[in-house]
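Coordinates as given in start25.csv (CSV, C-alpha atoms):
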chain,number,residue,atom,x,y,z
A,1,MET,CA,-37.8,-34.5,-8.4
A,2,ALA,CA,-39.6,-37.2,-10.4
A,3,LYS,CA,-38.8,-40.8,-9.5
A,4,ILE,CA,-36.3,-42.5,-11.9
A,5,LYS,CA,-36.7,-46.2,-12.6
A,6,LEU,CA,-33.4,-47.9,-11.7
A,7,GLU,CA,-32.6,-51.6,-12.2
A,8,ARG,CA,-30.4,-52.3,-9.2
A,9,ASP,CA,-32.3,-52.8,-5.9
A,10,THR,CA,-29.7,-50.7,-4.1
A,11,GLU,CA,-30.3,-47.8,-6.5
A,12,LYS,CA,-34.1,-47.7,-6.3
A,13,ASP,CA,-35.7,-44.5,-5.2
A,14,SER,CA,-36.2,-44.0,-1.5
A,15,ASN,CA,-39.7,-44.7,-0.1
A,16,TYR,CA,-39.5,-41.3,1.6
A,17,GLN,CA,-39.7,-37.9,0.0
A,18,HIS,CA,-38.6,-34.4,1.1
A,19,LEU,CA,-36.1,-35.6,3.7
A,20,GLU,CA,-34.9,-32.0,4.2
A,21,ARG,CA,-38.4,-31.0,5.5
A,22,MET,CA,-38.5,-33.7,8.2
A,23,SER,CA,-38.0,-33.0,11.9
A,24,THR,CA,-35.0,-34.7,13.6
A,25,LYS,CA,-37.4,-37.1,15.3
A,26,ALA,CA,-39.0,-38.0,12.0
A,27,LEU,CA,-35.6,-38.6,10.4
A,28,LEU,CA,-34.4,-40.8,13.2
A,29,THR,CA,-37.8,-42.7,13.4
A,30,ASN,CA,-37.9,-43.4,9.7
A,31,MET,CA,-34.3,-44.5,9.5
A,32,ASN,CA,-34.9,-46.8,12.4
A,33,LYS,CA,-38.0,-48.2,10.8
A,34,GLU,CA,-35.9,-49.0,7.7
A,35,ASP,CA,-33.1,-50.6,9.7
A,36,GLN,CA,-35.6,-53.1,11.2
A,37,LEU,CA,-36.0,-54.6,7.8
A,38,VAL,CA,-32.3,-55.8,7.8
A,39,PRO,CA,-32.4,-58.7,10.2
A,40,LYS,CA,-35.6,-60.0,8.5
A,41,ALA,CA,-33.8,-60.0,5.1
A,42,ILE,CA,-30.8,-61.8,6.7
A,43,LYS,CA,-33.1,-64.4,8.2
A,44,LYS,CA,-34.2,-65.3,4.6
A,45,ALA,CA,-30.6,-65.7,3.6
A,46,ILE,CA,-29.5,-68.0,6.4
A,47,PRO,CA,-29.6,-71.2,4.2
A,48,GLN,CA,-27.2,-69.4,1.8
A,49,ILE,CA,-25.0,-68.3,4.6
A,50,GLU,CA,-24.9,-71.8,6.0
A,51,LYS,CA,-23.6,-73.3,2.8
A,52,LEU,CA,-20.9,-70.6,2.5
A,53,VAL,CA,-19.8,-71.0,6.1
A,54,ASP,CA,-19.5,-74.8,5.8
A,55,GLN,CA,-17.4,-74.6,2.7
A,56,ALA,CA,-15.2,-71.7,4.0
A,57,SER,CA,-14.6,-73.6,7.2
A,58,LEU,CA,-13.6,-76.7,5.3
A,59,GLN,CA,-11.1,-74.7,3.2
A,60,LEU,CA,-9.5,-73.2,6.4
A,61,LYS,CA,-9.4,-76.5,8.2
A,62,ASN,CA,-7.4,-77.8,5.2
A,63,GLY,CA,-4.8,-75.0,5.5
A,64,GLY,CA,-6.5,-72.4,3.4
A,65,ARG,CA,-7.2,-68.7,4.0
A,66,LEU,CA,-10.3,-66.5,3.9
A,67,PHE,CA,-10.2,-63.4,1.6
A,68,TYR,CA,-12.7,-60.6,1.5
A,69,ILE,CA,-12.7,-58.2,-1.5
A,70,GLY,CA,-14.8,-55.1,-2.0
A,71,ALA,CA,-14.9,-51.4,-2.8
A,72,GLY,CA,-15.9,-48.4,-0.7
A,73,THR,CA,-18.0,-49.3,2.3
A,74,SER,CA,-18.0,-52.9,1.4
A,75,GLY,CA,-14.3,-53.1,1.2
A,76,ARG,CA,-13.9,-51.3,4.5
A,77,LEU,CA,-16.3,-53.7,6.2
A,78,GLY,CA,-14.3,-56.6,5.0
A,79,ILE,CA,-11.0,-55.1,6.2
A,80,LEU,CA,-12.7,-54.4,9.6
A,81,ASP,CA,-13.8,-58.0,10.0
A,82,ALA,CA,-10.5,-59.4,8.9
A,83,SER,CA,-8.5,-57.1,11.3
A,84,GLU,CA,-10.6,-58.3,14.3
A,85,CYS,CA,-10.1,-62.0,13.8
A,86,PRO,CA,-6.5,-62.2,15.2
A,87,PRO,CA,-7.1,-60.3,18.5
A,88,THR,CA,-10.5,-61.9,19.1
A,89,TYR,CA,-9.6,-65.5,18.2
A,90,GLY,CA,-5.8,-65.7,18.4
A,91,VAL,CA,-5.5,-66.7,14.7
A,92,PRO,CA,-2.4,-65.6,12.8
A,93,HIS,CA,-2.4,-62.4,10.9
A,94,GLY,CA,-2.9,-63.4,7.3
A,95,LEU,CA,-5.5,-66.1,7.9
A,96,VAL,CA,-8.3,-63.7,7.1
A,97,ILE,CA,-7.3,-61.0,4.6
A,98,GLY,CA,-9.4,-57.9,3.5
A,99,LEU,CA,-8.7,-56.1,0.2
A,100,ILE,CA,-10.2,-52.9,-0.9
A,101,ALA,CA,-10.3,-51.2,-4.3
A,102,GLY,CA,-7.7,-48.4,-4.3
A,103,GLY,CA,-5.5,-50.1,-1.7
A,104,ASP,CA,-5.0,-49.2,1.9
A,105,GLN,CA,-5.3,-45.4,1.2
A,106,ALA,CA,-8.9,-46.1,0.3
A,107,ILE,CA,-9.7,-47.2,3.8
A,108,ARG,CA,-9.8,-43.6,5.0
A,109,LYS,CA,-10.3,-41.7,1.7
A,110,ALA,CA,-12.2,-42.6,-1.4
A,111,VAL,CA,-10.0,-43.3,-4.4
A,112,GLU,CA,-11.7,-42.1,-7.6
A,113,PHE,CA,-12.8,-44.8,-10.1
A,114,ALA,CA,-10.8,-47.5,-8.3
A,115,GLU,CA,-13.9,-49.8,-8.2
A,116,ASP,CA,-14.3,-49.5,-12.0
A,117,ASP,CA,-11.1,-51.5,-12.8
A,118,THR,CA,-12.1,-55.0,-13.8
A,119,LYS,CA,-8.5,-56.4,-13.6
A,120,GLN,CA,-7.1,-54.8,-10.4
A,121,GLY,CA,-8.9,-57.1,-8.0
A,122,TRP,CA,-7.3,-60.2,-9.4
A,123,LYS,CA,-3.9,-58.4,-9.4
A,124,ASP,CA,-4.4,-57.6,-5.7
A,125,LEU,CA,-5.3,-61.2,-4.9
A,126,LYS,CA,-2.2,-62.5,-6.8
A,127,GLN,CA,0.0,-60.3,-4.5
A,128,HIS,CA,-1.1,-62.6,-1.7
A,129,LYS,CA,-0.6,-65.8,-3.8
A,130,ILE,CA,-4.2,-66.9,-3.5
A,131,SER,CA,-4.7,-70.5,-4.4
A,132,THR,CA,-7.3,-73.3,-4.6
A,133,LYS,CA,-6.8,-73.9,-0.9
A,134,ASP,CA,-8.3,-70.5,-0.1
A,135,PHE,CA,-11.9,-69.1,-0.1
A,136,LEU,CA,-12.8,-65.7,-1.5
A,137,ILE,CA,-15.8,-63.6,-0.6
A,138,GLY,CA,-16.8,-60.7,-2.7
A,139,ILE,CA,-18.7,-57.9,-0.9
A,140,ALA,CA,-20.7,-55.6,-3.1
A,141,ALA,CA,-24.1,-54.0,-2.2
A,142,SER,CA,-25.1,-53.7,-5.9
A,143,GLY,CA,-23.7,-57.0,-6.9
A,144,THR,CA,-22.1,-55.3,-10.0
A,145,THR,CA,-18.9,-53.7,-8.8
A,146,PRO,CA,-16.4,-54.2,-11.6
A,147,TYR,CA,-13.4,-54.5,-9.2
A,148,VAL,CA,-15.1,-57.3,-7.3
A,149,LEU,CA,-16.7,-59.0,-10.3
A,150,GLY,CA,-13.4,-59.2,-12.2
A,151,ALA,CA,-11.7,-60.7,-9.2
A,152,ILE,CA,-14.4,-63.3,-8.7
A,153,GLU,CA,-14.5,-64.3,-12.3
A,154,ALA,CA,-10.7,-64.7,-12.4
A,155,ALA,CA,-10.6,-66.7,-9.2
A,156,SER,CA,-13.4,-69.0,-10.2
A,157,ALA,CA,-11.6,-69.6,-13.5
A,158,LYS,CA,-8.6,-70.7,-11.5
A,159,GLY,CA,-10.7,-73.2,-9.4
A,160,ILE,CA,-10.8,-71.1,-6.3
A,161,GLN,CA,-14.0,-71.4,-4.2
A,162,THR,CA,-16.0,-68.2,-4.1
A,163,GLY,CA,-18.9,-66.6,-2.3
A,164,CYS,CA,-20.4,-63.2,-2.0
A,165,ILE,CA,-22.5,-60.8,0.1
A,166,VAL,CA,-24.8,-58.7,-2.2
A,167,CYS,CA,-28.0,-56.7,-1.6
A,168,SER,CA,-29.6,-56.9,-5.0
A,169,LYS,CA,-31.4,-59.8,-6.6
A,170,ASN,CA,-30.0,-61.8,-9.6
A,171,SER,CA,-26.8,-59.7,-9.7
A,172,PRO,CA,-23.8,-60.6,-11.9
A,173,ILE,CA,-21.6,-61.3,-8.9
A,174,ALA,CA,-24.1,-63.6,-7.3
A,175,LYS,CA,-24.3,-65.5,-10.5
A,176,ALA,CA,-20.5,-65.7,-10.8
A,177,VAL,CA,-19.8,-67.3,-7.4
A,178,HIS,CA,-20.2,-70.8,-6.0
A,179,PHE,CA,-21.9,-69.7,-2.8
A,180,PRO,CA,-24.0,-66.5,-3.2
A,181,VAL,CA,-25.6,-64.7,-0.2
A,182,GLU,CA,-28.3,-62.3,-1.3
A,183,VAL,CA,-29.6,-60.0,1.4
A,184,VAL,CA,-32.2,-57.8,-0.3
A,185,VAL,CA,-32.9,-54.9,2.1
A,186,GLY,CA,-34.7,-52.7,-0.4
A,187,PRO,CA,-34.3,-48.9,-1.2
A,188,GLU,CA,-32.2,-46.9,1.1
A,189,PHE,CA,-33.6,-44.0,3.2
A,190,VAL,CA,-31.3,-41.7,1.2
A,191,THR,CA,-31.5,-43.0,-2.3
A,192,GLY,CA,-28.4,-45.1,-3.2
A,193,SER,CA,-26.7,-44.5,0.2
A,194,THR,CA,-25.6,-48.2,0.6
A,195,ARG,CA,-23.6,-47.4,3.7
A,196,MET,CA,-27.0,-47.5,5.5
A,197,LYS,CA,-29.2,-50.7,5.3
A,198,ALA,CA,-26.9,-52.5,2.8
A,199,GLY,CA,-23.8,-51.7,4.9
A,200,THR,CA,-25.6,-52.9,8.1
A,201,ALA,CA,-26.6,-56.1,6.4
A,202,GLN,CA,-23.1,-56.7,5.2
A,203,LYS,CA,-21.6,-56.1,8.6
A,204,LEU,CA,-24.1,-58.5,10.3
A,205,CYS,CA,-23.4,-61.2,7.7
A,206,LEU,CA,-19.7,-60.8,8.1
A,207,ASN,CA,-20.1,-61.1,11.9
A,208,MET,CA,-22.1,-64.3,11.5
A,209,MET,CA,-19.8,-65.8,9.0
A,210,SER,CA,-16.4,-65.2,10.6
A,211,THR,CA,-17.8,-66.0,14.1
A,212,SER,CA,-19.3,-69.3,12.9
A,213,ILE,CA,-16.1,-70.1,11.0
A,214,MET,CA,-13.9,-69.4,14.1
A,215,ILE,CA,-16.2,-71.6,16.3
A,216,LYS,CA,-16.0,-74.4,13.8
A,217,LEU,CA,-12.2,-74.0,13.8
A,218,GLY,CA,-12.2,-74.6,17.6
A,219,ARG,CA,-11.4,-71.1,18.6
A,220,VAL,CA,-14.2,-70.9,21.1
A,221,LYS,CA,-14.7,-73.1,24.1
A,222,GLY,CA,-18.2,-73.2,25.6
A,223,ASN,CA,-19.0,-69.6,24.8
A,224,LYS,CA,-15.6,-68.0,25.6
A,225,MET,CA,-12.9,-66.5,23.5
A,226,VAL,CA,-10.2,-68.7,25.0
A,227,ASP,CA,-7.6,-67.7,22.4
A,228,MET,CA,-8.0,-64.0,22.4
A,229,GLN,CA,-5.0,-61.8,22.6
A,230,LEU,CA,-4.5,-60.0,25.9
A,231,SER,CA,-3.8,-56.6,24.4
A,232,ASN,CA,-5.3,-54.3,27.0
A,233,HIS,CA,-6.3,-54.2,30.7
A,234,LYS,CA,-10.0,-55.0,30.0
A,235,LEU,CA,-9.0,-58.2,28.1
A,236,GLU,CA,-6.5,-59.2,30.8
A,237,GLU,CA,-9.2,-58.9,33.4
A,238,ARG,CA,-11.7,-60.8,31.3
A,239,ALA,CA,-9.1,-63.6,30.7
A,240,ALA,CA,-8.3,-63.8,34.5
A,241,ASN,CA,-12.1,-64.2,35.3
A,242,MET,CA,-12.4,-66.9,32.6
A,243,LEU,CA,-9.4,-68.8,33.9
A,244,MET,CA,-10.5,-68.5,37.5
A,245,ALA,CA,-13.9,-70.0,36.6
A,246,GLU,CA,-12.3,-72.7,34.4
A,247,ILE,CA,-9.7,-74.1,36.7
A,248,LYS,CA,-10.8,-72.8,40.1
A,249,VAL,CA,-7.8,-70.8,41.1
A,250,SER,CA,-7.3,-67.4,42.7
A,251,ARG,CA,-6.9,-64.2,40.7
A,252,PRO,CA,-3.1,-63.9,41.4
A,253,ILE,CA,-2.5,-67.4,40.2
A,254,ALA,CA,-4.6,-66.8,37.2
A,255,GLN,CA,-2.7,-63.7,36.4
A,256,GLN,CA,0.6,-65.5,36.7
A,257,LEU,CA,-0.5,-68.3,34.4
A,258,LEU,CA,-1.7,-65.8,31.8
A,259,LYS,CA,1.5,-63.8,31.9
A,260,LYS,CA,3.5,-67.0,31.4
A,261,HIS,CA,1.3,-68.7,28.7
A,262,GLY,CA,-0.3,-65.8,26.9
A,263,ASN,CA,-3.9,-66.8,26.7
A,264,VAL,CA,-6.7,-68.7,28.5
A,265,ARG,CA,-6.5,-71.9,26.6
A,266,LYS,CA,-2.7,-72.4,27.0
A,267,ALA,CA,-2.8,-71.4,30.6
A,268,ALA,CA,-5.6,-73.8,31.5
A,269,GLU,CA,-4.0,-76.7,29.6
A,270,ALA,CA,-0.6,-76.1,31.3
A,271,PHE,CA,-2.2,-75.9,34.7
A,272,LEU,CA,-4.3,-79.0,34.3
A,273,LEU,CA,-1.4,-81.0,32.8
A,274,LYS,CA,0.8,-80.0,35.8
A,275,LYS,CA,-2.0,-80.9,38.2
A,276,LYS,CA,-2.5,-84.3,36.5
A,277,LYS,CA,1.3,-85.1,36.8
A,278,ALA,CA,1.4,-84.1,40.5
So that I can check it, write out the structure of this file as structure tokens.
Amino acid sequence: MAKIKLERDTEKDSNYQHLERMSTKALLTNMNKEDQLVPKAIKKAIPQIEKLVDQASLQLKNGGRLFYIGAGTSGRLGILDASECPPTYGVPHGLVIGLIAGGDQAIRKAVEFAEDDTKQGWKDLKQHKISTKDFLIGIAASGTTPYVLGAIEAASAKGIQTGCIVCSKNSPIAKAVHFPVEVVVGPEFVTGSTRMKAGTAQKLCLNMMSTSIMIKLGRVKGNKMVDMQLSNHKLEERAANMLMAEIKVSRPIAQQLLKKHGNVRKAAEAFLLKKKKA
């Protein structure tokens, strides 16, 4: 097939031809070669990410919430990141909220044309009573997704602080937000398959953003997740090891403290307070 000239960076024709003729090794090697471009693209965007993180952290410190909104892979990545914040950092459910075009059913199965609705994104945000205290991040590889763009424009018009993660240059969404993050990773190995490099870039950016925000909110001590929820045996063991190292107690005592207080931070504080009073 002849190459077609496409405007969006995420829709440009792959640098590789005749993928169906490649050996398994060639497929894997070439995909890996493309994947190595992602962290380099993110490095260029760090100044943009820094500005977004600082503003989002300020909003949350002042009682606001963090919203992610996207469609397809982008929406699923936002929901994934939001869902991991409470167990990892002990923050309340609802502090970080992920929304996807088509609603929760779209997490597992694509909802046809849901991303093309320019008004539904803002309707979904209003269901959560979004306000000027909050911060909204639109996630869209192309930077053109109508569902996301409509939500961003409506939010900005209401005075809500907005940011984005896009993988195309000079996109409508990047122009519409206060804090754009543009990670231009180039054409996908399979033309237009933005769950590949673009999706990887979005996932890495979300990791960096939410982790940095949680650290700035005081949810990490030293380098430890002292507020994590103890939801399985692995995490209980990790927490016991952290507590033993922190306050110099035996494993049985650490386990008793964790059972009583629920996480490492509260257990350590209670133990040290009691020791101080003794």
Can you work out which one of A:Ser210, A:Ser23, A:Gln202, A:Gln120 has the shortest atom-to-atom distance to Gly103 (chain A), counting all atoms listed in the file? A:Gln120
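Using all atoms listed in the file, the smallest distance between any of A:Ala240, A:Leu136, A:Val184, A:Leu95 and Ala151 (chain A) comes from A:Leu136.
Near region 218-226 of chain A, within 7 Å and counting only C-alpha atoms, sit Thr88, Tyr89, Met214, Asn263, Val264 and Arg265 of chain A, not including residues fewer than 4 positions from it in the same chain.
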Can you tell me which residues surround region 243-247 of chain A at a distance of at most 9 Å, considering only C-alpha atoms, apart from same-chain residues fewer than 5 positions away, and format the answer as a PyMOL selection string? chain A and resi 226+238+253-255+257-258+264-265+267-268+271-272
Spatial neighbours of region 51-66 of chain A, 9 Å, only C-alpha atoms, chain gap at least 2 places, as an MDAnalysis selection string: chainID A and resid 46:49 68 82 94:98 130:137 161:164 178:181 208:210 212:214 216:217
Kindly give the distance, in Å, that separates CA of Gln229 (chain A) and CA of Cys205 (chain A), rounded to a single decimal.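 Computing it gives 23.7 Å between the two atoms.
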Could you pull the residues within 8 Å of Gly199 (chain A), counting all atoms listed in the file, minus those fewer than 4 positions along the same chain, as a short mmCIF file (atom, residue, chain, number, x, y, z; two decimals) with C-alpha atoms, keeping the file's coordinate frame?
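So the final result, stored in around-v2.cif, reads:
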data_model
loop_
_atom_site.label_atom_id
_atom_site.label_comp_id
_atom_site.auth_asym_id
_atom_site.auth_seq_id
_atom_site.Cartn_x
_atom_site.Cartn_y
_atom_site.Cartn_z
CA THR A 73 -18.00 -49.30 2.30
CA SER A 74 -18.00 -52.90 1.40
CA LEU A 77 -16.30 -53.70 6.20
CA ALA A 141 -24.10 -54.00 -2.20
CA THR A 194 -25.60 -48.20 0.60
CA ARG A 195 -23.60 -47.40 3.70
CA LYS A 203 -21.60 -56.10 8.60
#
Given the choices A:Asn32, A:His93, A:Glu188, A:Gly102, which gets closest to Gln17 (chain A) if the distance is worked out from all atoms listed in the file?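 So, comparing all the options, the nearest one is A:Glu188.
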How many Å separate CA of Lys275 (chain A) from CA of Lys234 (chain A)? 28.3 Å
Could you work out how far CA of Ile79 (chain A) lies from CA of Leu230 (chain A), giving the answer in Å with one decimal?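 Distance reported for this atom pair: 21.3 Å.
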Could you check which of A:Pro86, A:Gly192, A:Gly70, A:Gly75 is closest to Val148 (chain A), using all atoms listed in the file?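 Going through A:Pro86, A:Gly192, A:Gly70, A:Gly75 one by one, the smallest distance to Val148 (chain A) is for A:Gly70.
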Name the residues in contact with Ser14 (chain A) at a cut-off of 7 Å, using all atoms listed in the file, excluding same-chain residues fewer than 6 positions from it; report them as JSON, numbers by chain. {"A": [187, 188, 189, 190, 191]}
Within 12 Å of (-13.7, -44.7, -5.8), in the coordinates the file gives, what residues turn up when you count all atoms listed in the file, written out as a PDB file with C-alpha atoms, keeping the file's coordinate frame?
ATOM      1  CA  GLY A  70     -14.800 -55.100  -2.000  1.00  0.00           C
ATOM      2  CA  ALA A  71     -14.900 -51.400  -2.800  1.00  0.00           C
ATOM      3  CA  GLY A  72     -15.900 -48.400  -0.700  1.00  0.00           C
ATOM      4  CA  THR A  73     -18.000 -49.300   2.300  1.00  0.00           C
ATOM      5  CA  SER A  74     -18.000 -52.900   1.400  1.00  0.00           C
ATOM      6  CA  GLY A  75     -14.300 -53.100   1.200  1.00  0.00           C
ATOM      7  CA  ILE A 100     -10.200 -52.900  -0.900  1.00  0.00           C
ATOM      8  CA  ALA A 101     -10.300 -51.200  -4.300  1.00  0.00           C
ATOM      9  CA  GLY A 102      -7.700 -48.400  -4.300  1.00  0.00           C
ATOM     10  CA  GLY A 103      -5.500 -50.100  -1.700  1.00  0.00           C
ATOM     11  CA  GLN A 105      -5.300 -45.400   1.200  1.00  0.00           C
ATOM     12  CA  ALA A 106      -8.900 -46.100   0.300  1.00  0.00           C
ATOM     13  CA  ILE A 107      -9.700 -47.200   3.800  1.00  0.00           C
ATOM     14  CA  ARG A 108      -9.800 -43.600   5.000  1.00  0.00           C
ATOM     15  CA  LYS A 109     -10.300 -41.700   1.700  1.00  0.00           C
ATOM     16  CA  ALA A 110     -12.200 -42.600  -1.400  1.00  0.00           C
ATOM     17  CA  VAL A 111     -10.000 -43.300  -4.400  1.00  0.00           C
ATOM     18  CA  GLU A 112     -11.700 -42.100  -7.600  1.00  0.00           C
ATOM     19  CA  PHE A 113     -12.800 -44.800 -10.100  1.00  0.00           C
ATOM     20  CA  ALA A 114     -10.800 -47.500  -8.300  1.00  0.00           C
ATOM     21  CA  GLU A 115     -13.900 -49.800  -8.200  1.00  0.00           C
ATOM     22  CA  ASP A 116     -14.300 -49.500 -12.000  1.00  0.00           C
ATOM     23  CA  ASP A 117     -11.100 -51.500 -12.800  1.00  0.00           C
ATOM     24  CA  THR A 145     -18.900 -53.700  -8.800  1.00  0.00           C
ATOM     25  CA  PRO A 146     -16.400 -54.200 -11.600  1.00  0.00           C
ATOM     26  CA  TYR A 147     -13.400 -54.500  -9.200  1.00  0.00           C
TER      27      TYR A 147
END
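When all atoms listed in the file are used to compute distances to Gly262 (chain A), the closest of the residues A:Leu149, A:Gly90, A:Ile165, A:Lys12 turns out to be A:Gly90.
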